[in-house]
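Raw contents of structure05.txt, compact mmCIF, C-alpha atoms and all ligand atoms:
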```
# COMPACT_ATOMS: atom_id res chain seq x y z
CA MET D 1125 -12.58 10.41 -10.77
CA ASP D 1126 -10.67 13.65 -10.24
CA VAL D 1127 -9.11 15.37 -13.25
CA ALA D 1128 -6.55 18.18 -13.39
CA ILE D 1129 -6.14 20.26 -16.54
CA VAL D 1130 -2.68 21.79 -16.72
CA GLY D 1131 -2.83 24.76 -19.10
CA ALA D 1132 -6.59 25.15 -18.72
CA SER D 1133 -6.75 28.75 -19.94
CA GLY D 1134 -5.76 27.81 -23.49
CA TYR D 1135 -7.88 26.52 -26.34
CA THR D 1136 -7.37 22.79 -25.83
CA GLY D 1137 -7.62 23.23 -22.05
CA GLY D 1138 -10.99 24.92 -22.55
CA GLU D 1139 -12.10 22.10 -24.85
CA LEU D 1140 -11.10 19.48 -22.28
CA PHE D 1141 -13.20 21.34 -19.72
CA ARG D 1142 -16.19 21.58 -22.08
CA LEU D 1143 -16.14 17.96 -23.19
CA LEU D 1144 -15.58 16.56 -19.68
CA GLN D 1145 -18.91 18.11 -18.60
CA GLY D 1146 -20.47 15.22 -20.51
CA HIS D 1147 -18.32 12.47 -18.98
CA SER D 1148 -20.00 9.92 -16.72
CA SER D 1149 -17.18 9.70 -14.15
CA ALA D 1150 -14.68 12.52 -14.60
CA GLU D 1151 -14.83 15.72 -12.60
CA VAL D 1152 -12.43 18.60 -13.20
CA VAL D 1153 -11.00 19.53 -9.77
CA ALA D 1154 -8.03 21.64 -10.85
CA ALA D 1155 -7.53 24.08 -13.74
CA THR D 1156 -4.07 25.60 -13.87
CA SER D 1157 -2.81 28.79 -15.47
CA ARG D 1158 0.05 31.08 -14.57
CA LYS D 1159 -1.48 34.28 -15.98
CA GLU D 1160 -5.07 33.67 -14.88
CA GLU D 1161 -4.35 32.45 -11.33
CA GLY D 1162 -7.21 33.44 -9.00
CA ARG D 1163 -9.72 34.22 -11.75
CA PRO D 1164 -12.88 32.14 -12.23
CA VAL D 1165 -12.55 29.69 -15.11
CA ALA D 1166 -15.82 31.02 -16.54
CA THR D 1167 -14.44 34.54 -16.96
CA VAL D 1168 -11.73 33.25 -19.31
CA HIS D 1169 -14.05 30.65 -20.88
CA PRO D 1170 -17.46 32.43 -20.81
CA HIS D 1171 -19.16 29.50 -22.58
CA LEU D 1172 -18.54 27.48 -19.37
CA LYS D 1173 -20.48 29.85 -17.09
CA GLY D 1174 -23.01 27.84 -15.13
CA TYR D 1175 -20.98 24.65 -15.49
CA THR D 1176 -18.15 25.38 -13.06
CA ASP D 1177 -17.28 27.53 -10.04
CA LEU D 1178 -13.58 26.62 -10.19
CA THR D 1179 -10.93 29.30 -10.25
CA PHE D 1180 -7.57 28.95 -11.94
CA THR D 1181 -4.68 27.96 -9.71
CA ASN D 1182 -0.94 27.96 -10.30
CA PRO D 1183 0.28 25.11 -8.12
CA ALA D 1184 3.77 23.65 -7.87
CA VAL D 1185 3.90 20.31 -9.68
CA GLU D 1186 3.99 18.41 -6.37
CA ASP D 1187 0.74 20.12 -5.30
CA ILE D 1188 -1.27 18.93 -8.29
CA ASP D 1189 -3.57 16.28 -6.89
CA ALA D 1190 -5.90 14.24 -9.11
CA ASP D 1191 -6.36 10.77 -10.57
CA VAL D 1192 -5.70 11.93 -14.13
CA ALA D 1193 -3.83 14.99 -15.42
CA PHE D 1194 -4.06 16.39 -18.93
CA LEU D 1195 -1.06 18.44 -20.07
CA ALA D 1196 -2.47 21.12 -22.40
CA VAL D 1197 0.69 23.21 -22.40
CA PRO D 1198 3.25 23.96 -25.14
CA HIS D 1199 5.99 21.50 -26.02
CA THR D 1200 9.02 21.87 -23.71
CA ALA D 1201 6.61 22.86 -20.89
CA ALA D 1202 4.98 19.42 -20.74
CA MET D 1203 8.30 17.70 -19.99
CA ASN D 1204 8.47 19.67 -16.72
CA TYR D 1205 5.27 17.96 -15.55
CA ALA D 1206 4.98 14.51 -17.14
CA GLY D 1207 7.56 12.43 -15.27
CA ARG D 1208 6.91 14.12 -11.94
CA LEU D 1209 3.14 13.61 -12.09
CA LEU D 1210 3.70 9.96 -13.00
CA GLU D 1211 5.95 9.59 -9.92
CA GLN D 1212 3.11 11.06 -7.85
CA GLY D 1213 0.93 8.17 -9.09
CA MET D 1214 -1.24 10.04 -11.57
CA LYS D 1215 -2.30 8.89 -15.00
CA VAL D 1216 -1.21 11.49 -17.56
CA VAL D 1217 -2.28 12.35 -21.11
CA ASP D 1218 0.07 14.81 -22.80
CA LEU D 1219 -1.36 16.91 -25.64
CA SER D 1220 2.03 18.42 -26.54
CA ALA D 1221 4.68 17.08 -28.90
CA ASP D 1222 7.15 16.22 -26.12
CA TYR D 1223 6.71 12.42 -26.20
CA ARG D 1224 5.47 11.72 -29.73
CA LEU D 1225 8.83 11.01 -31.36
CA PRO D 1226 12.06 9.24 -30.43
CA ARG D 1227 14.34 11.56 -28.47
CA GLY D 1228 16.83 12.25 -31.28
CA VAL D 1229 14.13 12.96 -33.85
CA TYR D 1230 12.28 15.23 -31.40
CA GLU D 1231 15.40 17.21 -30.59
CA THR D 1232 16.24 17.68 -34.27
CA VAL D 1233 12.73 18.57 -35.41
CA TYR D 1234 11.91 20.90 -32.51
CA GLY D 1235 15.43 22.27 -32.07
CA VAL D 1236 15.41 21.81 -28.28
CA THR D 1237 16.98 19.49 -25.74
CA HIS D 1238 14.66 17.02 -24.02
CA THR D 1239 15.27 17.17 -20.29
CA ASP D 1240 13.08 14.26 -19.17
CA TYR D 1241 12.70 11.77 -21.99
CA PHE D 1242 10.98 8.39 -21.74
CA GLU D 1243 9.22 6.24 -24.32
CA ALA D 1244 5.46 6.56 -24.54
CA PRO D 1245 2.63 5.00 -26.52
CA TYR D 1246 1.42 7.14 -29.42
CA GLY D 1247 -2.24 7.69 -28.70
CA LEU D 1248 -3.92 7.30 -32.05
CA PRO D 1249 -6.41 4.70 -30.78
CA GLU D 1250 -7.61 3.55 -34.19
CA LEU D 1251 -4.05 2.29 -34.87
CA HIS D 1252 -2.50 1.79 -31.42
CA ARG D 1253 -5.33 0.92 -29.02
CA GLU D 1254 -3.61 -2.19 -27.69
CA GLU D 1255 -0.38 -0.28 -26.93
CA VAL D 1256 -2.33 2.41 -25.05
CA LYS D 1257 -4.40 0.01 -22.92
CA GLY D 1258 -3.25 -0.31 -19.33
CA LYS D 1259 -0.60 2.43 -19.59
CA GLN D 1260 -0.12 5.25 -17.08
CA PHE D 1261 0.98 7.75 -19.74
CA VAL D 1262 -0.17 8.47 -23.29
CA SER D 1263 1.27 10.90 -25.81
CA ASN D 1264 -1.55 12.46 -27.81
CA PRO D 1265 -0.81 12.86 -31.55
CA GLY D 1266 -0.52 16.16 -33.38
CA CYS D 1267 -3.58 17.59 -35.08
CA PHE D 1268 -2.35 17.35 -38.69
CA PRO D 1269 -0.89 13.82 -38.24
CA THR D 1270 -4.22 12.60 -36.81
CA GLY D 1271 -6.32 13.52 -39.85
CA ALA D 1272 -3.57 12.69 -42.33
CA THR D 1273 -2.63 9.30 -40.91
CA LEU D 1274 -6.25 8.15 -40.59
CA ALA D 1275 -6.78 9.16 -44.24
CA ALA D 1276 -3.83 7.15 -45.56
CA ALA D 1277 -3.61 4.20 -43.16
CA PRO D 1278 -5.69 1.63 -45.09
CA LEU D 1279 -3.56 2.14 -48.24
CA ALA D 1280 -0.21 2.74 -46.56
CA SER D 1281 1.36 -0.65 -47.18
CA GLY D 1282 0.93 -0.43 -50.98
CA ALA D 1283 1.80 3.24 -51.37
CA ARG D 1284 4.84 4.67 -53.18
CA TYR D 1285 4.16 8.36 -52.45
CA VAL D 1286 1.84 9.98 -49.95
CA ILE D 1287 1.34 13.74 -50.39
CA TYR D 1288 -0.69 15.46 -47.69
CA ASP D 1289 -2.16 18.88 -48.43
CA SER D 1290 -3.98 20.30 -45.39
CA LYS D 1291 -6.16 23.31 -44.66
CA THR D 1292 -6.32 24.29 -41.01
CA GLY D 1293 -8.38 26.63 -38.88
CA VAL D 1294 -6.72 29.38 -36.88
CA SER D 1295 -7.33 27.86 -33.40
CA GLY D 1296 -4.54 25.42 -34.28
CA SER D 1297 -2.03 28.06 -33.32
CA GLY D 1298 -3.35 28.51 -29.77
CA VAL D 1299 -4.94 31.30 -27.79
CA ASN D 1300 -2.18 33.91 -28.05
CA PRO D 1301 -2.61 36.34 -30.96
CA SER D 1302 0.20 36.84 -33.47
CA PRO D 1303 0.61 38.79 -36.73
CA THR D 1304 -0.20 35.57 -38.61
CA THR D 1305 -3.50 35.11 -36.77
CA HIS D 1306 -4.51 38.80 -36.73
CA TYR D 1307 -7.99 39.04 -38.31
CA PRO D 1308 -7.17 41.15 -41.41
CA ASN D 1309 -4.24 38.87 -42.19
CA VAL D 1310 -6.38 35.73 -42.07
CA ALA D 1311 -9.84 36.78 -43.28
CA ASP D 1312 -10.66 36.37 -46.99
CA GLY D 1313 -7.42 34.54 -47.65
CA VAL D 1314 -5.57 31.25 -47.73
CA MET D 1315 -2.00 31.20 -46.46
CA PRO D 1316 0.32 28.32 -47.27
CA TYR D 1317 3.16 27.97 -44.76
CA LYS D 1318 6.12 25.68 -44.01
CA LEU D 1319 5.78 24.35 -47.56
CA THR D 1320 8.20 21.44 -47.22
CA GLY D 1321 9.39 21.27 -43.61
CA HIS D 1322 6.52 21.43 -41.13
CA ARG D 1323 7.45 19.69 -37.86
CA HIS D 1324 4.45 17.34 -38.10
CA LEU D 1325 6.01 15.62 -41.12
CA ALA D 1326 8.15 13.54 -38.74
CA GLU D 1327 5.05 12.14 -37.00
CA MET D 1328 3.41 11.41 -40.35
CA GLU D 1329 6.50 9.51 -41.56
CA GLN D 1330 6.71 7.64 -38.27
CA GLU D 1331 3.11 6.46 -38.54
CA LEU D 1332 3.39 5.39 -42.19
CA GLY D 1333 6.50 3.42 -41.22
CA ARG D 1334 4.68 1.70 -38.38
CA LEU D 1335 2.01 0.65 -40.90
CA GLY D 1336 4.70 -1.12 -42.91
CA SER D 1337 4.82 1.55 -45.60
CA LYS D 1338 7.95 2.43 -47.54
CA ALA D 1339 6.21 5.43 -49.12
CA ARG D 1340 7.91 8.80 -49.42
CA CYS D 1341 5.83 11.31 -47.54
CA PHE D 1342 5.28 15.03 -48.19
CA PHE D 1343 3.19 17.62 -46.35
CA THR D 1344 2.11 21.21 -46.96
CA PRO D 1345 -0.28 23.07 -44.60
CA HIS D 1346 -2.47 26.10 -45.39
CA LEU D 1347 -4.12 28.46 -42.93
CA VAL D 1348 -7.75 29.20 -43.87
CA PRO D 1349 -10.17 31.68 -42.28
CA VAL D 1350 -12.14 29.30 -40.08
CA ASN D 1351 -11.86 28.86 -36.33
CA ARG D 1352 -11.79 25.08 -36.17
CA GLY D 1353 -11.09 22.17 -38.41
CA ILE D 1354 -8.49 20.48 -40.57
CA LEU D 1355 -9.32 19.21 -44.02
CA THR D 1356 -6.55 17.06 -45.45
CA THR D 1357 -6.32 15.92 -49.05
CA ALA D 1358 -4.00 12.92 -49.29
CA HIS D 1359 -2.75 12.12 -52.78
CA ILE D 1360 -1.70 8.49 -52.57
CA ILE D 1361 0.31 7.02 -55.44
CA LEU D 1362 0.14 3.24 -55.28
CA ASP D 1363 2.51 0.58 -56.58
CA GLU D 1364 -0.43 -1.10 -58.34
CA PRO D 1365 -3.73 0.40 -59.54
CA MET D 1366 -6.90 -0.14 -57.52
CA THR D 1367 -10.55 0.31 -58.45
CA GLN D 1368 -12.97 2.47 -56.49
CA GLU D 1369 -14.72 -0.70 -55.30
CA GLU D 1370 -11.46 -2.20 -54.03
CA VAL D 1371 -10.52 0.97 -52.20
CA GLU D 1372 -13.97 1.25 -50.64
CA ALA D 1373 -13.86 -2.36 -49.48
CA ARG D 1374 -10.39 -1.74 -47.95
CA TYR D 1375 -11.56 1.31 -45.98
CA ARG D 1376 -14.81 -0.30 -44.84
CA ASP D 1377 -12.92 -3.30 -43.52
CA PHE D 1378 -10.09 -1.29 -41.92
CA TYR D 1379 -12.45 0.97 -39.97
CA LYS D 1380 -15.34 -1.45 -39.42
CA ASP D 1381 -15.10 -1.30 -35.61
CA GLU D 1382 -14.14 2.37 -35.30
CA PHE D 1383 -16.89 4.55 -33.88
CA PHE D 1384 -15.01 7.81 -34.51
CA VAL D 1385 -14.18 7.18 -38.17
CA ARG D 1386 -17.09 7.77 -40.53
CA LEU D 1387 -16.85 7.02 -44.23
CA GLN D 1388 -18.67 9.90 -45.87
CA LYS D 1389 -17.77 12.93 -47.96
CA PRO D 1390 -15.93 15.17 -45.45
CA SER D 1391 -16.75 18.74 -44.54
CA LEU D 1392 -15.49 20.76 -41.60
CA GLY D 1393 -19.05 21.55 -40.48
CA ALA D 1394 -20.04 17.91 -40.13
CA VAL D 1395 -17.29 17.20 -37.60
CA ARG D 1396 -17.16 20.58 -35.80
CA GLY D 1397 -17.09 20.21 -32.01
CA SER D 1398 -16.92 16.41 -32.26
CA ASN D 1399 -14.37 13.62 -32.08
CA PHE D 1400 -15.22 12.28 -35.54
CA CYS D 1401 -12.84 11.90 -38.45
CA ASP D 1402 -14.81 11.78 -41.70
CA ILE D 1403 -13.08 10.19 -44.68
CA TRP D 1404 -13.88 9.68 -48.37
CA PHE D 1405 -11.85 8.87 -51.47
CA GLU D 1406 -11.81 8.55 -55.22
CA ALA D 1407 -9.55 6.09 -57.05
CA ARG D 1408 -8.13 6.56 -60.53
CA ASP D 1409 -5.59 3.99 -61.64
CA GLU D 1410 -2.51 4.22 -59.37
CA ARG D 1411 -3.73 7.45 -57.77
CA VAL D 1412 -6.21 7.59 -54.93
CA VAL D 1413 -7.29 10.96 -53.57
CA VAL D 1414 -8.40 10.60 -49.96
CA VAL D 1415 -9.94 13.48 -48.02
CA SER D 1416 -10.35 13.61 -44.24
CA ALA D 1417 -11.92 16.17 -41.91
CA ILE D 1418 -11.44 16.56 -38.18
CA ASP D 1419 -11.95 19.28 -35.59
CA ASN D 1420 -8.35 20.15 -34.64
CA LEU D 1421 -9.37 20.96 -31.06
CA VAL D 1422 -11.33 17.72 -30.58
CA LYS D 1423 -10.16 14.66 -32.57
CA GLY D 1424 -6.95 16.65 -33.16
CA ALA D 1425 -6.41 17.35 -29.44
CA ALA D 1426 -8.83 17.39 -26.46
CA GLY D 1427 -11.33 14.79 -27.71
CA GLN D 1428 -8.64 12.31 -28.64
CA ALA D 1429 -7.00 12.97 -25.25
CA ILE D 1430 -10.28 12.03 -23.52
CA GLN D 1431 -10.55 8.97 -25.80
CA ASN D 1432 -7.08 7.99 -24.56
CA MET D 1433 -8.01 8.67 -20.94
CA ASN D 1434 -11.04 6.42 -21.40
CA ILE D 1435 -8.83 3.64 -22.74
CA ILE D 1436 -6.24 3.79 -19.95
CA CYS D 1437 -8.94 4.11 -17.26
CA GLY D 1438 -11.20 1.40 -18.66
CA PHE D 1439 -14.21 3.62 -19.49
CA ALA D 1440 -16.25 3.27 -22.67
CA GLU D 1441 -14.09 4.88 -25.36
CA ASN D 1442 -16.80 7.38 -26.34
CA ASP D 1443 -17.67 8.46 -22.77
CA GLY D 1444 -17.84 12.28 -22.80
CA LEU D 1445 -17.57 12.35 -26.57
CA MET D 1446 -21.15 11.74 -27.65
CA THR D 1447 -22.39 15.29 -28.21
CA PRO D 1448 -23.17 15.51 -31.94
CA PRO D 1449 -21.20 17.91 -34.16
CA CYS D 1450 -22.58 21.45 -34.50
CA MET D 1451 -23.27 21.74 -38.25
CA PRO D 1452 -23.53 24.20 -39.94
N1 LIG S 1501 -4.61 24.11 -30.77
C1 LIG S 1501 -4.62 22.94 -31.39
O1 LIG S 1501 -5.38 22.74 -32.36
C2 LIG S 1501 -3.73 21.83 -30.93
C3 LIG S 1501 -2.81 21.99 -29.93
N2 LIG S 1501 -2.00 20.94 -29.56
C4 LIG S 1501 -1.01 21.08 -28.51
O2 LIG S 1501 -1.68 21.17 -27.25
C5 LIG S 1501 -0.95 22.04 -26.39
C6 LIG S 1501 -1.86 23.18 -25.96
O3 LIG S 1501 -2.28 23.87 -27.13
P1 LIG S 1501 -3.28 25.09 -27.09
O4 LIG S 1501 -4.35 24.84 -26.10
O5 LIG S 1501 -3.63 25.39 -28.49
O6 LIG S 1501 -2.30 26.23 -26.54
P2 LIG S 1501 -2.68 27.64 -25.91
O7 LIG S 1501 -1.55 28.53 -26.22
O8 LIG S 1501 -4.05 28.03 -26.33
O9 LIG S 1501 -2.68 27.34 -24.33
C7 LIG S 1501 -1.51 26.96 -23.64
C8 LIG S 1501 -1.79 26.85 -22.16
O10 LIG S 1501 -0.59 26.48 -21.51
C9 LIG S 1501 -0.25 27.45 -20.49
N3 LIG S 1501 1.19 27.61 -20.57
C10 LIG S 1501 1.93 28.23 -21.54
N4 LIG S 1501 3.24 28.12 -21.31
C11 LIG S 1501 3.36 27.41 -20.16
C12 LIG S 1501 4.47 26.98 -19.39
N5 LIG S 1501 5.73 27.24 -19.77
N6 LIG S 1501 4.24 26.28 -18.26
C13 LIG S 1501 2.97 26.01 -17.86
N7 LIG S 1501 1.88 26.40 -18.54
C14 LIG S 1501 2.07 27.09 -19.68
C15 LIG S 1501 -1.04 28.71 -20.85
O11 LIG S 1501 -1.47 29.45 -19.74
P3 LIG S 1501 -0.55 30.45 -18.89
O12 LIG S 1501 0.37 31.12 -19.87
O13 LIG S 1501 -1.49 31.40 -18.21
O14 LIG S 1501 0.15 29.56 -17.89
C16 LIG S 1501 -2.28 28.11 -21.50
O15 LIG S 1501 -3.22 27.72 -20.52
C17 LIG S 1501 0.28 22.50 -27.16
O16 LIG S 1501 1.37 21.66 -26.88
C18 LIG S 1501 -0.18 22.35 -28.60
O17 LIG S 1501 0.91 22.23 -29.47
C19 LIG S 1501 -2.13 19.71 -30.13
C20 LIG S 1501 -3.04 19.50 -31.12
C21 LIG S 1501 -3.90 20.55 -31.62
C1 LIG S 1502 -2.64 26.95 -37.51
C2 LIG S 1502 -1.36 26.51 -36.84
O1 LIG S 1502 -0.46 27.28 -36.59
N1 LIG S 1502 -1.30 25.23 -36.51
C3 LIG S 1502 -0.18 24.70 -35.79
C4 LIG S 1502 -0.57 23.32 -35.37
C5 LIG S 1502 0.48 22.70 -34.54
C6 LIG S 1502 0.04 22.20 -33.20
O2 LIG S 1502 -1.08 22.26 -32.78
O3 LIG S 1502 1.03 21.72 -32.49
P1 LIG S 1502 1.25 20.24 -32.03
O4 LIG S 1502 0.10 19.43 -32.56
O5 LIG S 1502 2.55 19.81 -32.58
O6 LIG S 1502 1.27 20.23 -30.56
C7 LIG S 1502 1.08 24.67 -36.65
O7 LIG S 1502 1.01 24.53 -37.87
O8 LIG S 1502 2.19 24.71 -36.08
```
This entry written out as structure tokens:
Amino acid sequence: MDVAIVGASGYTGGELFRLLQGHSSAEVVAATSRKEEGRPVATVHPHLKGYTDLTFTNPAVEDIDADVAFLAVPHTAAMNYAGRLLEQGMKVVDLSADYRLPRGVYETVYGVTHTDYFEAPYGLPELHREEVKGKQFVSNPGCFPTGATLAAAPLASGARYVIYDSKTGVSGSGVNPSPTTHYPNVADGVMPYKLTGHRHLAEMEQELGRLGSKARCFFTPHLVPVNRGILTTAHIILDEPMTQEEVEARYRDFYKDEFFVRLQKPSLGAVRGSNFCDIWFEARDERVVVVSAIDNLVKGAAGQAIQNMNIICGFAENDGLMTPPCMP
């Protein structure tokens, strides 16, 4: 099965390329980039040397030819590709934010006009597998909402407040350097940002609502000096107290069939490079503190996108996603 990666010179594009080397049926036949057109993929992604002889191309949308296309481009760029690739008969998984929210919410949160809106399934398979199955297009969730929502989902219906506090690695901001990601500004520090109004809050609220929750939701991210990973601490205030045993039974039941959710004390190292989301919790009266860990580039982006491709194409859901994490 032929795969095109649109935006293959970026971080998630590189991760798609890396992970798809382990897929039983997918072969990357096109890797697009505007700036790197004509250069070998392995010069931009040196870790892929020996795996591919492809060079980057910069084709017009109508010249992209594959069975599946991944859109690993910024929001507002993805909407220039999605509908047109679907019309050309391709299956499409979009890693950007362009189709995660209803049009009006998207336009308010992102401050842009959507020029090619259509409704799409939200590809968090652990919650929406049945909606994703058989579709031609899937919208991949944001990195923070993935770890946060999986942490809170089993308790969502009985929650009054859900407060997410996340620590993220620097690769979450993409391949282009900025003053915020400059080494001296990141090393040896922790930087809180967008204390009350991060754009991912809308996705988090949307997902709690879909779980039947009436909880008020809050979110504060922090940048920490690691390359990969998001550790989220969810403070969940319940309507009624629960014991540790009750909470554990709830989580074990909720995730009993989920290969990519592991119930164990989370650390970034234990999920690095993998599609796992590790979750653990401690209950005290009405308050349950739940911690989750994901790799933002894998379960938070490229890995989950491949999981969604596997679902829409009818492959085993963990095809291409079985390489163990690279602890430490
Ligand atoms: N990094 C992360 O942890 C996560 C990222 N995402 C989302 O995934 C998408 C990709 O992220 P990431 O890989 O980090 O981003 P990068 O900035 O690392 O890479 C973006 C890629 O898109 C290409 N690109 C940029 N602008 C355009 C454009 N207007 N038209 C076509 N191609 C363009 C770039 O190459 P060139 O400029 O040469 O064309 C590059 O290949 C984004 O929407 C991001 O928000 C989602 C979850 C997590
Ligand atoms: C460290 C860092 O800057 N992280 C980014 C993550 C957002 C992202 O990846 O964007 P989407 O998931 O919405 O596509 C941020 O906080 O904006």
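The residue set within 8 Å of range 1282-1286 of chain D, counting only C-alpha atoms and dropping same-chain residues fewer than 2 places from it, reads Ala1276, Leu1279, Ala1280, Tyr1288, Ser1337, Lys1338, Ala1339, Arg1340, Cys1341, Phe1342, Ala1358, His1359, Ile1360, Ile1361, Leu1362, Asp1363 and Glu1364 of chain D.
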Please find the residues contacting ligand LIG 1501 (chain S) at a distance of at most 9 Å between atoms, with all atoms listed in the file counted, and report them as number ranges by chain.
D: 1129-1139, 1155-1161, 1182, 1195-1202, 1204-1205, 1218-1222, 1264-1268, 1292-1300, 1352-1353, 1419-1426
What lies within 12 Å of Thr1344 in chain D using all atoms listed in the file, ignoring chain neighbours under 5 positions off, as a ChimeraX atom specification?
/D:1268-1269,1272,1286-1292,1315-1325,1328,1355-1359
Nearest residue to Gln1428 in chain D from the set D:Val1168, D:Val1310, D:Leu1248, D:Ile1188 (distances using all atoms listed in the file):
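Of D:Val1168, D:Val1310, D:Leu1248, D:Ile1188, the one nearest Gln1428 in chain D, counting all atoms listed in the file, is D:Leu1248.
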List as a list of chain:residue names the protein and nucleic acid residues near Ala1407 in chain D, meaning an atom at most 9 Å away when all atoms listed in the file are counted, but skip any in the same chain fewer than 5 places from it.
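With the cut-off at 9 Å, the set is D:Pro1365, D:Met1366, D:Thr1367, D:Gln1368, D:Glu1369, D:Val1371, D:Val1412, D:Val1413, D:Val1414.
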With distances taken over all atoms listed in the file, which of D:Arg1386, D:His1169, D:Lys1215, D:Arg1163 is nearest to Leu1274 in chain D?
D:Arg1386
Proximity to ligand LIG 1502 (chain S) - best of D:Ala1184, D:Leu1392, D:Ala1326, D:Leu1143, all atoms listed in the file
D:Ala1326
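For the residues D:His1238, D:Arg1334, D:Arg1224, D:Arg1376, ranking by smallest atom-to-atom distance to ligand LIG 1502 (chain S) using all atoms listed in the file places D:Arg1224 first.
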Given the choices D:Gly1207, D:Gly1397, D:Pro1303, D:Gly1174, which gets closest to ligand LIG 1502 (chain S) if the distance is worked out from all atoms listed in the file?
D:Pro1303
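As for CA of Thr1181 in chain D and CA of Gly1162 in chain D, they are spaced 6.1 Å apart.
Interatomic distance, CA of Glu1372 in chain D against CA of Arg1396 in chain D: 24.6 Å.
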Rank D:Val1152, D:Leu1347, D:Ile1436, D:Val1395 by their smallest atom-to-atom distance to Pro1245 in chain D, using all atoms listed in the file, and report the top residue only.
D:Ile1436
One decimal place gives the CA of Tyr1230 in chain D-CA of Ile1418 in chain D separation as 24.7 Å
Extract, using only C-alpha atoms, all DNA, RNA and protein residues at most 10 Å from Asn1434 in chain D, discarding same-chain residues fewer than 6 positions from it, and format them as a list in words.
His1147, Ala1150, Lys1257, Gln1428, Ala1440, Glu1441, Asn1442, Asp1443 and Gly1444 of chain D
Cut-off 12 Å around (-21.0, 17.7, -47.1) with all atoms listed in the file: residues as a compact mmCIF listing (two decimals) with C-alpha atoms, keeping the file's coordinate frame:
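This is the output file out04.txt:
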```
# COMPACT_ATOMS: atom_id res chain seq x y z
CA LEU D 1387 -16.85 7.02 -44.23
CA GLN D 1388 -18.67 9.90 -45.87
CA LYS D 1389 -17.77 12.93 -47.96
CA PRO D 1390 -15.93 15.17 -45.45
CA SER D 1391 -16.75 18.74 -44.54
CA LEU D 1392 -15.49 20.76 -41.60
CA GLY D 1393 -19.05 21.55 -40.48
CA ALA D 1394 -20.04 17.91 -40.13
CA VAL D 1395 -17.29 17.20 -37.60
CA ASP D 1402 -14.81 11.78 -41.70
CA ILE D 1403 -13.08 10.19 -44.68
CA TRP D 1404 -13.88 9.68 -48.37
CA VAL D 1415 -9.94 13.48 -48.02
CA SER D 1416 -10.35 13.61 -44.24
CA ALA D 1417 -11.92 16.17 -41.91
CA MET D 1451 -23.27 21.74 -38.25
CA PRO D 1452 -23.53 24.20 -39.94
```
Please work out which residues fall within 10 Å of (-2.9, 37.0, -41.2), coordinates as given in the file, with all atoms listed in the file counting, and return them as a ChimeraX atom specification.
/D:1294,1302-1315,1347-1349
Starting from the sparse input, extend range 1184-1196 of chain D to N, CA and C atoms and give the output as a PDB file, in the coordinates of the input.
```
ATOM      1  N   ALA D1184       2.525  24.365  -7.579  1.00  0.00           N
ATOM      2  CA  ALA D1184       3.770  23.650  -7.870  1.00  0.00           C
ATOM      3  C   ALA D1184       3.384  22.248  -8.343  1.00  0.00           C
ATOM      4  N   VAL D1185       4.253  21.628  -9.125  1.00  0.00           N
ATOM      5  CA  VAL D1185       3.900  20.310  -9.680  1.00  0.00           C
ATOM      6  C   VAL D1185       3.507  19.349  -8.556  1.00  0.00           C
ATOM      7  N   GLU D1186       4.262  19.375  -7.441  1.00  0.00           N
ATOM      8  CA  GLU D1186       3.990  18.410  -6.370  1.00  0.00           C
ATOM      9  C   GLU D1186       2.654  18.660  -5.663  1.00  0.00           C
ATOM     10  N   ASP D1187       2.042  19.831  -5.913  1.00  0.00           N
ATOM     11  CA  ASP D1187       0.740  20.120  -5.300  1.00  0.00           C
ATOM     12  C   ASP D1187      -0.437  19.831  -6.221  1.00  0.00           C
ATOM     13  N   ILE D1188      -0.164  19.331  -7.400  1.00  0.00           N
ATOM     14  CA  ILE D1188      -1.270  18.930  -8.290  1.00  0.00           C
ATOM     15  C   ILE D1188      -1.754  17.566  -7.814  1.00  0.00           C
ATOM     16  N   ASP D1189      -3.040  17.496  -7.507  1.00  0.00           N
ATOM     17  CA  ASP D1189      -3.570  16.280  -6.890  1.00  0.00           C
ATOM     18  C   ASP D1189      -4.839  15.848  -7.643  1.00  0.00           C
ATOM     19  N   ALA D1190      -4.746  14.749  -8.357  1.00  0.00           N
ATOM     20  CA  ALA D1190      -5.900  14.240  -9.110  1.00  0.00           C
ATOM     21  C   ALA D1190      -5.610  12.790  -9.476  1.00  0.00           C
ATOM     22  N   ASP D1191      -6.604  12.129 -10.073  1.00  0.00           N
ATOM     23  CA  ASP D1191      -6.360  10.770 -10.570  1.00  0.00           C
ATOM     24  C   ASP D1191      -5.734  10.819 -11.961  1.00  0.00           C
ATOM     25  N   VAL D1192      -6.191  11.791 -12.756  1.00  0.00           N
ATOM     26  CA  VAL D1192      -5.700  11.930 -14.130  1.00  0.00           C
ATOM     27  C   VAL D1192      -5.323  13.398 -14.356  1.00  0.00           C
ATOM     28  N   ALA D1193      -4.197  13.612 -15.024  1.00  0.00           N
ATOM     29  CA  ALA D1193      -3.830  14.990 -15.420  1.00  0.00           C
ATOM     30  C   ALA D1193      -3.691  15.044 -16.933  1.00  0.00           C
ATOM     31  N   PHE D1194      -4.275  16.081 -17.516  1.00  0.00           N
ATOM     32  CA  PHE D1194      -4.060  16.390 -18.930  1.00  0.00           C
ATOM     33  C   PHE D1194      -3.039  17.527 -19.006  1.00  0.00           C
ATOM     34  N   LEU D1195      -2.038  17.373 -19.855  1.00  0.00           N
ATOM     35  CA  LEU D1195      -1.060  18.440 -20.070  1.00  0.00           C
ATOM     36  C   LEU D1195      -1.417  19.160 -21.362  1.00  0.00           C
ATOM     37  N   ALA D1196      -2.049  20.333 -21.234  1.00  0.00           N
ATOM     38  CA  ALA D1196      -2.470  21.120 -22.400  1.00  0.00           C
ATOM     39  C   ALA D1196      -1.593  22.358 -22.496  1.00  0.00           C
TER      40      ALA D1196
END
```
